[in-house]
$ cat upload-v3.csv   # CSV, C-alpha atoms
chain,number,residue,atom,x,y,z
Y,1,MET,CA,-17.3,21.0,54.1
Y,2,THR,CA,-16.3,20.0,50.6
Y,3,THR,CA,-17.3,16.9,48.7
Y,4,ASP,CA,-15.2,15.2,46.1
Y,5,ARG,CA,-16.4,15.7,42.5
Y,6,PRO,CA,-17.8,12.5,41.1
Y,7,THR,CA,-15.3,10.7,38.8
Y,8,ARG,CA,-16.4,11.0,35.2
Y,9,THR,CA,-16.5,8.0,33.1
Y,10,LEU,CA,-14.1,7.5,30.2
Y,11,TRP,CA,-16.9,8.1,27.7
Y,12,ALA,CA,-17.8,11.4,29.4
Y,13,ARG,CA,-14.2,12.5,29.2
Y,14,LEU,CA,-13.9,11.6,25.6
Y,15,LYS,CA,-17.1,13.4,24.8
Y,16,ALA,CA,-16.0,16.5,26.6
Y,17,HIS,CA,-12.5,16.4,24.9
Y,18,TYR,CA,-13.8,15.9,21.3
Y,19,GLY,CA,-17.0,17.8,21.8
Y,20,GLU,CA,-15.4,21.0,22.9
Y,21,GLY,CA,-16.7,23.9,20.9
Y,22,LEU,CA,-19.3,21.9,19.1
Y,23,PRO,CA,-22.8,23.5,19.1
Y,24,PRO,CA,-25.7,21.5,20.4
Y,25,LEU,CA,-27.9,20.0,17.7
Y,26,ALA,CA,-30.9,21.5,19.4
Y,27,ASP,CA,-29.8,24.9,18.2
Y,28,PHE,CA,-30.6,23.9,14.7
Y,29,ARG,CA,-34.2,23.3,13.5
Y,30,GLY,CA,-35.9,21.9,10.5
Y,31,VAL,CA,-35.8,18.8,8.4
Y,32,PHE,CA,-32.1,19.4,7.4
Y,33,LYS,CA,-30.9,20.4,10.8
Y,34,HIS,CA,-28.1,17.8,10.7
Y,35,VAL,CA,-26.8,19.2,7.4
Y,36,ARG,CA,-26.9,22.7,8.8
Y,37,TRP,CA,-25.1,21.6,11.9
Y,38,LEU,CA,-22.4,19.9,9.8
Y,39,MET,CA,-22.0,23.0,7.6
Y,40,TYR,CA,-21.6,25.2,10.7
Y,41,VAL,CA,-18.9,22.8,12.1
Y,42,VAL,CA,-17.0,22.8,8.9
Y,43,ARG,CA,-17.2,26.6,8.5
Y,44,THR,CA,-16.1,27.4,12.1
Y,45,MET,CA,-13.7,24.4,12.8
Y,46,PRO,CA,-14.2,24.2,16.6
Y,47,LEU,CA,-11.4,22.7,18.7
Y,48,GLY,CA,-13.1,19.4,19.3
Y,49,PHE,CA,-13.6,18.8,15.6
Y,50,ARG,CA,-10.0,19.5,14.9
Y,51,ARG,CA,-9.0,17.0,17.6
Y,52,LEU,CA,-11.4,14.4,16.2
Y,53,TRP,CA,-10.0,14.9,12.7
Y,54,LYS,CA,-6.5,13.8,13.9
Y,55,LEU,CA,-7.9,10.3,14.6
Y,56,GLN,CA,-8.6,9.7,10.9
Y,57,PRO,CA,-5.4,7.7,10.3
Y,58,ILE,CA,-6.3,5.3,13.2
Y,59,VAL,CA,-9.8,4.9,11.8
Y,60,ALA,CA,-8.4,4.0,8.4
Y,61,LEU,CA,-5.7,1.7,9.8
Y,62,VAL,CA,-8.0,-0.6,11.9
Y,63,PRO,CA,-9.8,-2.2,8.9
Y,64,SER,CA,-6.6,-2.8,7.1
Y,65,LEU,CA,-5.0,-4.6,10.1
Y,66,PHE,CA,-8.2,-6.6,10.6
Y,67,CYS,CA,-8.1,-7.7,6.9
Y,68,ILE,CA,-4.4,-8.8,7.3
Y,69,PHE,CA,-5.4,-10.8,10.4
Y,70,LEU,CA,-8.2,-12.5,8.5
Y,71,LEU,CA,-5.9,-13.2,5.5
Y,72,ARG,CA,-3.4,-15.0,7.8
Y,73,ALA,CA,-6.3,-16.9,9.4
Y,74,GLY,CA,-7.2,-18.3,6.0
Y,75,PHE,CA,-10.3,-16.3,4.9
Y,76,GLU,CA,-9.7,-16.6,1.2
Y,77,TYR,CA,-12.4,-14.1,0.1
Y,78,ILE,CA,-11.2,-11.2,2.2
Y,79,PRO,CA,-8.8,-10.0,-0.6
Y,80,VAL,CA,-11.9,-9.3,-2.8
Y,81,ALA,CA,-13.5,-7.3,0.1
Y,82,MET,CA,-10.2,-5.4,0.5
Y,83,ALA,CA,-10.0,-4.5,-3.2
Y,84,PHE,CA,-13.6,-3.3,-3.2
Y,85,LEU,CA,-13.0,-1.1,-0.1
Y,86,ALA,CA,-9.9,0.4,-1.6
Y,87,GLY,CA,-11.7,0.9,-4.9
Y,88,ALA,CA,-14.6,2.6,-3.1
Y,89,PHE,CA,-12.1,5.1,-1.5
Y,90,LEU,CA,-10.7,5.7,-4.9
Y,91,PHE,CA,-14.1,6.1,-6.5
Y,92,ILE,CA,-15.1,8.7,-3.9
Y,93,LEU,CA,-11.9,10.6,-4.4
Y,94,LEU,CA,-12.3,10.7,-8.2
Y,95,ARG,CA,-15.9,11.8,-8.0
Y,96,ILE,CA,-15.1,14.6,-5.6
Y,97,TYR,CA,-12.4,15.9,-7.8
Y,98,ARG,CA,-14.6,15.6,-10.9
Y,99,LEU,CA,-17.3,17.8,-9.2
Y,100,ASN,CA,-14.7,20.1,-7.7
Y,101,GLY,CA,-12.3,20.5,-10.6
Y,102,GLY,CA,-12.5,24.3,-10.9
Y,103,GLU,CA,-10.9,26.9,-8.7
Y,104,ASP,CA,-14.1,29.0,-8.2
Y,105,GLY,CA,-15.8,29.1,-4.9
Y,106,ARG,CA,-12.9,27.6,-2.9
Y,107,ASP,CA,-13.9,29.6,0.2
Y,108,SER,CA,-17.4,28.3,0.3
Y,109,THR,CA,-18.6,25.8,2.9
Y,110,ALA,CA,-19.4,23.2,0.2
Y,111,ALA,CA,-15.8,23.5,-1.2
Y,112,ARG,CA,-14.3,23.3,2.2
Y,113,LEU,CA,-16.4,20.2,3.0
Y,114,SER,CA,-15.3,18.7,-0.3
Y,115,ASP,CA,-11.7,19.4,0.6
Y,116,PHE,CA,-12.1,17.6,3.9
Y,117,ALA,CA,-13.7,14.6,2.1
Y,118,VAL,CA,-10.8,14.5,-0.4
Y,119,GLN,CA,-8.1,14.6,2.3
Y,120,TYR,CA,-9.9,11.9,4.3
Y,121,ALA,CA,-10.1,9.7,1.2
Y,122,LEU,CA,-6.5,10.3,0.4
Y,123,GLY,CA,-5.4,9.5,3.9
Y,124,GLY,CA,-7.8,6.5,4.1
Y,125,VAL,CA,-6.5,4.9,0.9
Y,126,LEU,CA,-2.8,5.3,1.9
Y,127,VAL,CA,-3.3,4.0,5.5
Y,128,PHE,CA,-5.3,1.1,4.1
Y,129,ILE,CA,-2.9,-0.1,1.4
Y,130,LEU,CA,0.4,0.7,3.2
Y,131,PRO,CA,0.4,-2.4,5.5
Y,132,PHE,CA,0.0,-4.7,2.5
Y,133,TYR,CA,3.0,-3.1,0.7
Y,134,LEU,CA,5.0,-3.4,4.0
Y,135,GLU,CA,4.0,-7.1,4.2
Y,136,SER,CA,5.3,-7.7,0.6
Y,137,ALA,CA,8.6,-5.7,1.0
Y,138,THR,CA,11.9,-7.4,1.7
Y,139,PHE,CA,13.9,-5.6,4.4
Y,140,PHE,CA,17.5,-4.7,3.5
Y,141,SER,CA,16.5,-4.6,-0.2
Y,142,TRP,CA,15.8,-1.8,-2.6
Y,143,ASN,CA,12.0,-2.3,-2.6
Y,144,ILE,CA,11.8,-1.0,0.9
Y,145,ALA,CA,12.3,2.5,-0.6
Y,146,PHE,CA,8.8,2.4,-2.1
Y,147,ASN,CA,7.3,1.9,1.3
Y,148,VAL,CA,9.3,4.8,2.7
Y,149,TYR,CA,7.9,6.9,-0.1
Y,150,LEU,CA,4.3,5.7,0.7
Y,151,LEU,CA,4.9,6.4,4.3
Y,152,ALA,CA,5.9,10.0,3.5
Y,153,LEU,CA,2.8,10.5,1.4
Y,154,THR,CA,0.7,9.1,4.3
Y,155,VAL,CA,2.2,11.6,6.7
Y,156,VAL,CA,1.5,14.5,4.3
Y,157,ALA,CA,-2.1,13.4,3.7
Y,158,ASN,CA,-2.8,13.1,7.4
Y,159,TRP,CA,-1.0,16.2,8.6
Y,160,ASP,CA,-3.1,19.2,7.8
Y,161,ALA,CA,-0.3,21.8,7.8
Y,162,LEU,CA,1.9,19.7,5.4
Y,163,TYR,CA,-1.0,18.9,3.2
Y,164,LEU,CA,-2.0,22.5,2.8
Y,165,ALA,CA,1.6,23.7,2.2
Y,166,LEU,CA,2.8,20.9,-0.1
Y,167,VAL,CA,-0.3,19.7,-1.9
Y,168,VAL,CA,-3.0,22.3,-2.0
Y,169,ARG,CA,-0.7,25.3,-2.8
Y,170,ARG,CA,1.7,23.6,-5.2
Y,171,PRO,CA,0.2,22.4,-8.5
Y,172,LEU,CA,3.2,20.3,-9.6
Y,173,TRP,CA,3.6,18.5,-6.2
Y,174,ARG,CA,-0.2,18.0,-6.2
Y,175,THR,CA,0.0,16.2,-9.5
Y,176,VAL,CA,2.8,13.9,-8.3
Y,177,PHE,CA,1.0,13.4,-5.0
Y,178,HIS,CA,-2.3,12.3,-6.5
Y,179,GLY,CA,-0.7,10.3,-9.3
Y,180,SER,CA,1.4,8.3,-6.8
Y,181,ILE,CA,-1.7,7.5,-4.8
Y,182,PHE,CA,-3.7,6.5,-7.8
Y,183,PHE,CA,-0.8,4.2,-9.0
Y,184,ALA,CA,-0.3,2.6,-5.6
Y,185,THR,CA,-4.0,1.9,-5.2
Y,186,LEU,CA,-4.6,0.5,-8.7
Y,187,ASN,CA,-1.4,-1.6,-8.5
Y,188,PHE,CA,-2.8,-3.2,-5.3
Y,189,ILE,CA,-6.3,-3.7,-6.6
Y,190,PHE,CA,-5.6,-5.3,-10.0
Y,191,PRO,CA,-3.7,-8.4,-8.7
Y,192,VAL,CA,-6.2,-8.9,-5.9
Y,193,LEU,CA,-9.4,-8.3,-7.7
Y,194,LEU,CA,-8.6,-9.4,-11.3
Y,195,GLY,CA,-5.8,-11.9,-10.6
Y,196,MET,CA,-3.5,-9.8,-12.9
Y,197,ARG,CA,0.2,-10.5,-12.9
Y,198,ASN,CA,2.1,-7.9,-11.0
Y,199,VAL,CA,4.2,-6.8,-14.0
Y,200,TRP,CA,1.1,-6.0,-16.1
Y,201,SER,CA,-0.4,-4.4,-13.1
Y,202,ILE,CA,2.5,-1.9,-12.9
Y,203,LEU,CA,2.3,-0.9,-16.5
Y,204,ILE,CA,-1.5,-0.6,-16.6
Y,205,SER,CA,-1.7,1.2,-13.2
Y,206,ALA,CA,1.0,3.7,-14.4
Y,207,GLY,CA,-0.9,4.6,-17.5
Y,208,LEU,CA,-4.3,4.8,-15.8
Y,209,SER,CA,-3.0,6.9,-12.9
Y,210,GLY,CA,-1.5,9.4,-15.3
Y,211,LEU,CA,-4.8,9.7,-17.3
Y,212,LEU,CA,-6.8,9.9,-14.1
Y,213,VAL,CA,-4.8,12.8,-12.7
Y,214,LEU,CA,-5.4,14.6,-16.0
Y,215,ALA,CA,-9.1,13.8,-16.2
Y,216,PHE,CA,-10.1,14.3,-12.6
Y,217,ALA,CA,-7.5,16.0,-10.5
Y,218,HIS,CA,-6.5,18.6,-13.0
Y,219,PRO,CA,-9.2,19.1,-15.7
Y,220,GLU,CA,-7.8,22.4,-16.8
Y,221,ARG,CA,-9.0,23.5,-20.2
Y,222,TRP,CA,-5.6,24.4,-21.6
Y,223,LEU,CA,-4.9,20.6,-22.1
Y,224,TRP,CA,-7.6,20.4,-24.7
Y,225,ARG,CA,-7.0,23.6,-26.6
Y,226,ARG,CA,-3.9,22.6,-28.5
Y,227,PRO,CA,-2.9,19.2,-29.7
Y,228,LYS,CA,0.7,20.0,-28.8
Y,229,ASN,CA,-0.2,20.2,-25.1
Y,230,MET,CA,-2.0,16.8,-25.2
Y,231,ALA,CA,1.0,15.3,-27.0
Y,232,LEU,CA,3.4,16.5,-24.3
Y,233,VAL,CA,1.1,15.2,-21.6
Y,234,LEU,CA,0.8,11.8,-23.1
Y,235,PHE,CA,4.5,11.7,-23.6
Y,236,GLY,CA,5.0,12.4,-19.9
Y,237,VAL,CA,2.6,9.6,-19.0
Y,238,ALA,CA,4.5,7.2,-21.3
Y,239,ALA,CA,7.8,8.3,-19.7
Y,240,VAL,CA,6.5,7.7,-16.2
Y,241,ALA,CA,5.3,4.2,-17.3
Y,242,ALA,CA,8.7,3.5,-18.8
Y,243,ALA,CA,10.5,4.6,-15.6
Y,244,LEU,CA,8.2,2.4,-13.5
Y,245,TRP,CA,8.9,-0.6,-15.8
Y,246,PHE,CA,12.7,-0.3,-15.6
Y,247,GLY,CA,12.4,0.4,-11.9
Y,248,ARG,CA,9.9,-2.3,-11.1
Y,249,ALA,CA,12.4,-4.0,-8.8
Y,250,LEU,CA,11.9,-1.1,-6.4
Y,251,ILE,CA,8.2,-1.8,-6.0
Y,252,PRO,CA,7.1,-4.6,-3.6
Y,253,PRO,CA,4.9,-7.2,-5.4
Y,254,ALA,CA,1.8,-6.6,-3.2
Y,255,PRO,CA,-0.1,-8.7,-2.2
Y,256,LEU,CA,2.5,-11.5,-2.6
Y,257,LYS,CA,4.6,-12.4,0.4
Y,258,LEU,CA,7.2,-15.0,1.2
Y,259,VAL,CA,5.7,-16.8,4.2
Y,260,TYR,CA,8.5,-19.2,4.7
Y,261,GLY,CA,11.8,-19.9,3.1
Y,262,THR,CA,14.6,-22.3,4.2
Y,263,ALA,CA,17.4,-24.5,3.0
Y,264,CYS,CA,16.9,-28.2,3.6
Y,265,ASP,CA,18.1,-31.6,2.5
Y,266,GLY,CA,15.0,-32.2,0.4
Y,267,VAL,CA,11.2,-32.1,0.4
Y,268,GLU,CA,8.9,-34.8,1.7
Y,269,GLN,CA,5.1,-34.6,1.4
Y,270,ARG,CA,5.6,-31.0,0.2
Y,271,LYS,CA,7.3,-30.0,3.4
Y,272,PRO,CA,11.1,-29.2,4.0
Y,273,ALA,CA,13.1,-32.2,5.3
Y,274,LEU,CA,15.9,-31.5,7.7
Y,275,PRO,CA,16.1,-27.7,7.3
Y,276,PHE,CA,19.4,-26.0,8.2
Y,277,GLU,CA,21.1,-22.6,8.3
Y,278,ARG,CA,24.7,-23.7,8.4
Y,279,MET,CA,26.7,-26.7,7.1
Y,280,THR,CA,30.3,-27.8,6.7
Y,281,GLU,CA,32.0,-28.1,3.3
Y,282,GLY,CA,31.5,-31.6,1.9
Y,283,GLU,CA,28.7,-32.4,4.3
Y,284,ARG,CA,26.2,-32.2,1.4
Y,285,SER,CA,26.9,-32.2,-2.3
Y,286,ARG,CA,23.7,-30.1,-3.1
Y,287,ALA,CA,21.1,-28.2,-1.2
Y,288,THR,CA,17.4,-27.6,-1.6
Y,289,PHE,CA,15.7,-24.3,-1.0
Y,290,PHE,CA,12.0,-24.5,0.0
Y,291,SER,CA,9.7,-21.4,-0.3
Y,292,ALA,CA,6.0,-20.9,0.6
Y,293,ILE,CA,4.5,-17.8,-1.0
Y,294,PHE,CA,1.2,-16.3,0.0
Y,295,ALA,CA,-1.1,-15.1,-2.8
Y,296,PRO,CA,-4.8,-14.3,-2.8
Y,297,MET,CA,-7.2,-16.6,-4.5
Y,298,GLY,CA,-7.3,-16.3,-8.3
Y,299,LEU,CA,-3.9,-14.8,-8.6
Y,300,LYS,CA,-1.3,-16.6,-10.9
Y,301,GLU,CA,2.3,-15.4,-11.0
Y,302,GLY,CA,5.5,-16.8,-12.3
Y,303,VAL,CA,8.2,-17.6,-9.7
Y,304,VAL,CA,12.0,-17.7,-10.1
Y,305,HIS,CA,14.7,-18.8,-7.6
Y,306,VAL,CA,18.0,-17.0,-8.1
Y,307,TRP,CA,20.9,-18.7,-6.3
Y,308,ARG,CA,23.8,-16.5,-5.3
Y,309,HIS,CA,27.2,-17.4,-3.7
Y,310,ASP,CA,28.8,-14.5,-1.8
Y,311,GLY,CA,26.6,-12.1,-3.7
Y,312,GLU,CA,27.4,-13.4,-7.2
Y,313,PRO,CA,24.6,-15.2,-9.2
Y,314,VAL,CA,25.4,-18.9,-9.9
Y,315,SER,CA,22.0,-20.3,-10.9
Y,316,GLU,CA,18.5,-19.3,-11.9
Y,317,VAL,CA,15.6,-21.7,-11.7
Y,318,ASP,CA,12.2,-21.0,-13.4
Y,319,LEU,CA,9.6,-22.7,-11.2
Y,320,GLY,CA,6.5,-22.0,-13.3
Y,321,SER,CA,3.4,-20.2,-12.1
Y,322,LEU,CA,2.1,-20.2,-8.6
Y,323,THR,CA,-1.7,-20.3,-7.9
Y,324,GLY,CA,-3.1,-18.3,-5.0
Y,325,GLY,CA,-5.7,-19.2,-2.4
Y,326,ARG,CA,-3.8,-21.6,-0.2
Y,327,GLU,CA,-3.8,-20.8,3.5
Y,328,GLU,CA,-0.3,-22.3,3.9
Y,329,GLY,CA,1.0,-20.5,0.8
Y,330,PHE,CA,2.1,-21.8,-2.6
Y,331,ARG,CA,4.9,-24.2,-1.9
Y,332,THR,CA,7.8,-24.7,-4.4
Y,333,TRP,CA,11.5,-25.5,-4.3
Y,334,SER,CA,14.7,-25.7,-6.3
Y,335,ARG,CA,18.0,-27.5,-5.9
Y,336,HIS,CA,21.6,-26.5,-6.5
Y,337,THR,CA,24.9,-28.4,-6.6
Y,338,LEU,CA,27.3,-26.7,-4.1
Y,339,ARG,CA,30.3,-26.6,-6.4
Y,340,GLU,CA,31.3,-23.1,-5.4
Y,341,GLY,CA,32.7,-24.1,-2.0
Y,342,PRO,CA,32.6,-22.3,1.3
Y,343,GLY,CA,30.7,-19.0,1.7
Y,344,ARG,CA,27.2,-17.6,2.0
Y,345,TYR,CA,24.5,-18.9,-0.3
Y,346,THR,CA,21.5,-16.7,-0.8
Y,347,VAL,CA,18.4,-17.7,-2.6
Y,348,GLU,CA,16.2,-14.8,-3.9
Y,349,VAL,CA,12.6,-15.5,-4.8
Y,350,TRP,CA,11.5,-13.3,-7.7
Y,351,THR,CA,8.4,-13.0,-9.8
Y,352,ALA,CA,8.8,-13.7,-13.5
Y,353,GLY,CA,8.3,-10.0,-14.1
Y,354,GLY,CA,11.3,-9.0,-12.0
Y,355,GLN,CA,10.0,-8.1,-8.5
Y,356,LEU,CA,11.6,-9.4,-5.4
Y,357,VAL,CA,9.3,-11.5,-3.1
Y,358,GLY,CA,11.8,-12.4,-0.5
Y,359,ARG,CA,15.1,-14.3,0.2
Y,360,GLY,CA,16.7,-16.8,2.4
Y,361,SER,CA,20.3,-17.8,3.1
Y,362,PHE,CA,22.6,-20.4,4.6
Y,363,ASP,CA,26.4,-20.6,5.3
Y,364,VAL,CA,28.9,-23.2,4.2
Y,365,THR,CA,31.9,-23.2,6.5
Y,366,PRO,CA,35.4,-24.6,5.4
Y,367,LYS,CA,36.2,-28.1,6.3
Y,368,ALA,CA,38.5,-28.5,9.3
Y,369,GLU,CA,42.1,-29.4,8.5
$ encode --input "upload-v3.csv" --output "structure tokens"
Amino acid sequence: MTTDRPTRTLWARLKAHYGEGLPPLADFRGVFKHVRWLMYVVRTMPLGFRRLWKLQPIVALVPSLFCIFLLRAGFEYIPVAMAFLAGAFLFILLRIYRLNGGEDGRDSTAARLSDFAVQYALGGVLVFILPFYLESATFFSWNIAFNVYLLALTVVANWDALYLALVVRRPLWRTVFHGSIFFATLNFIFPVLLGMRNVWSILISAGLSGLLVLAFAHPERWLWRRPKNMALVLFGVAAVAAALWFGRALIPPAPLKLVYGTACDGVEQRKPALPFERMTEGERSRATFFSAIFAPMGLKEGVVHVWRHDGEPVSEVDLGSLTGGREEGFRTWSRHTLREGPGRYTVEVWTAGGQLVGRGSFDVTPKAE
């Protein structure tokens, strides 16, 4: 007579799945048995450890999504915590590269453990900041391309085979990879933590990321042997900064986000009155566009409304500087006389530095004969 095997709990199944091949801690003795156990796991790479490592993107994504939820709930000081967390990841990354700058001893257990820590920090930083750049992007605009690029970097950082083939074994790609992560992280931290305008954040982040790559990720001695080498490197950093400046419209203005935008008849008590999406020619002589922009506390940024008719710019209104920290977003509006006639009117919300925050539109249909 056979008996059914007892149903294992979910915890027991997870433990068996992710613990496969891991040696018992009891096999290691002494005060530093936990360290010796970890060194053995890193050196032998058992199946359970490799499975557990694949969960790293989820572990990094959870706190980011939680912070976004708290931001939307009105917790004004969460941006500071986010910036410190992202900064901590970056600090760990830089310290590891500083201590591990040479190529000697790459097959040692310590070097391998260091490589794991570096890859975890890279993936953690990317997964943490990516949702905020996605929140700031405007779909069907050019700045979504930057998010596609960050997403590609995130896949590479969290896919061991790609990371090994594209980053570890290719010095040039490694430089671009690390420099991009440094830039995206610093460009997120500066506006949140220091209240820096996004346009200055782009320039400073570009310069610092180039120098950080040289000083920490690639501290090769040849850079310091000849002044010509350093001049070429500094010229390269300046060229990248210039490219980012002229291409700043491709970068989402994280952490800014257009919370709400609509055309309306006017504004009453700082709220849109009679919002609409379509009107008949002659129904109104002018329209108002109301926008609410989320920004963390302490951030000040210039805002501009650009009115377009069938894609052609017809008006540009400077609305001054927004001040962050309001749960409902910084509310501002502009008006335009509808002298262009029927067609689609689009209002783009830009920072004073030239980054697209969002847009809204409404249609004017011809008057019936």
$ atom_distance --input "upload-v3.csv" --atom1 "CA of Ser201 (chain Y)" --atom2 "CA of Phe183 (chain Y)"
9.5 Å
$ closest_residue --input "upload-v3.csv" --among "Y:His309, Y:Lys228, Y:Arg286, Y:Arg51" --to "Cys264 (chain Y)" --atoms "only C-alpha atoms"
Y:Arg286
$ closest_residue --input "upload-v3.csv" --among "Y:Thr365, Y:Asn158, Y:Thr280, Y:Asn198" --to "Pro253 (chain Y)" --atoms "only C-alpha atoms"
Y:Asn198
$ atom_distance --input "upload-v3.csv" --atom1 "CA of Ala137 (chain Y)" --atom2 "CA of Ala161 (chain Y)"
29.7 Å
$ residues_around --input "upload-v3.csv" --residues "region 348-357 of chain Y" --least-positions-apart "6" --cutoff "8 Å" --atoms "only C-alpha atoms" --output "number ranges by chain"
Y: 136-138, 143, 198-199, 248-253, 256-258, 291, 301-308
$ atom_distance --input "upload-v3.csv" --atom1 "CA of Leu193 (chain Y)" --atom2 "CA of Leu151 (chain Y)"
23.8 Å
$ closest_residue --input "upload-v3.csv" --among "Y:Trp11, Y:Tyr18, Y:Phe177, Y:Phe139" --to "Leu55 (chain Y)" --atoms "only C-alpha atoms"
Y:Tyr18
$ closest_residue --input "upload-v3.csv" --among "Y:Gly266, Y:Pro366, Y:Pro296, Y:Gly358" --to "Arg278 (chain Y)" --atoms "all atoms listed in the file"
Y:Pro366
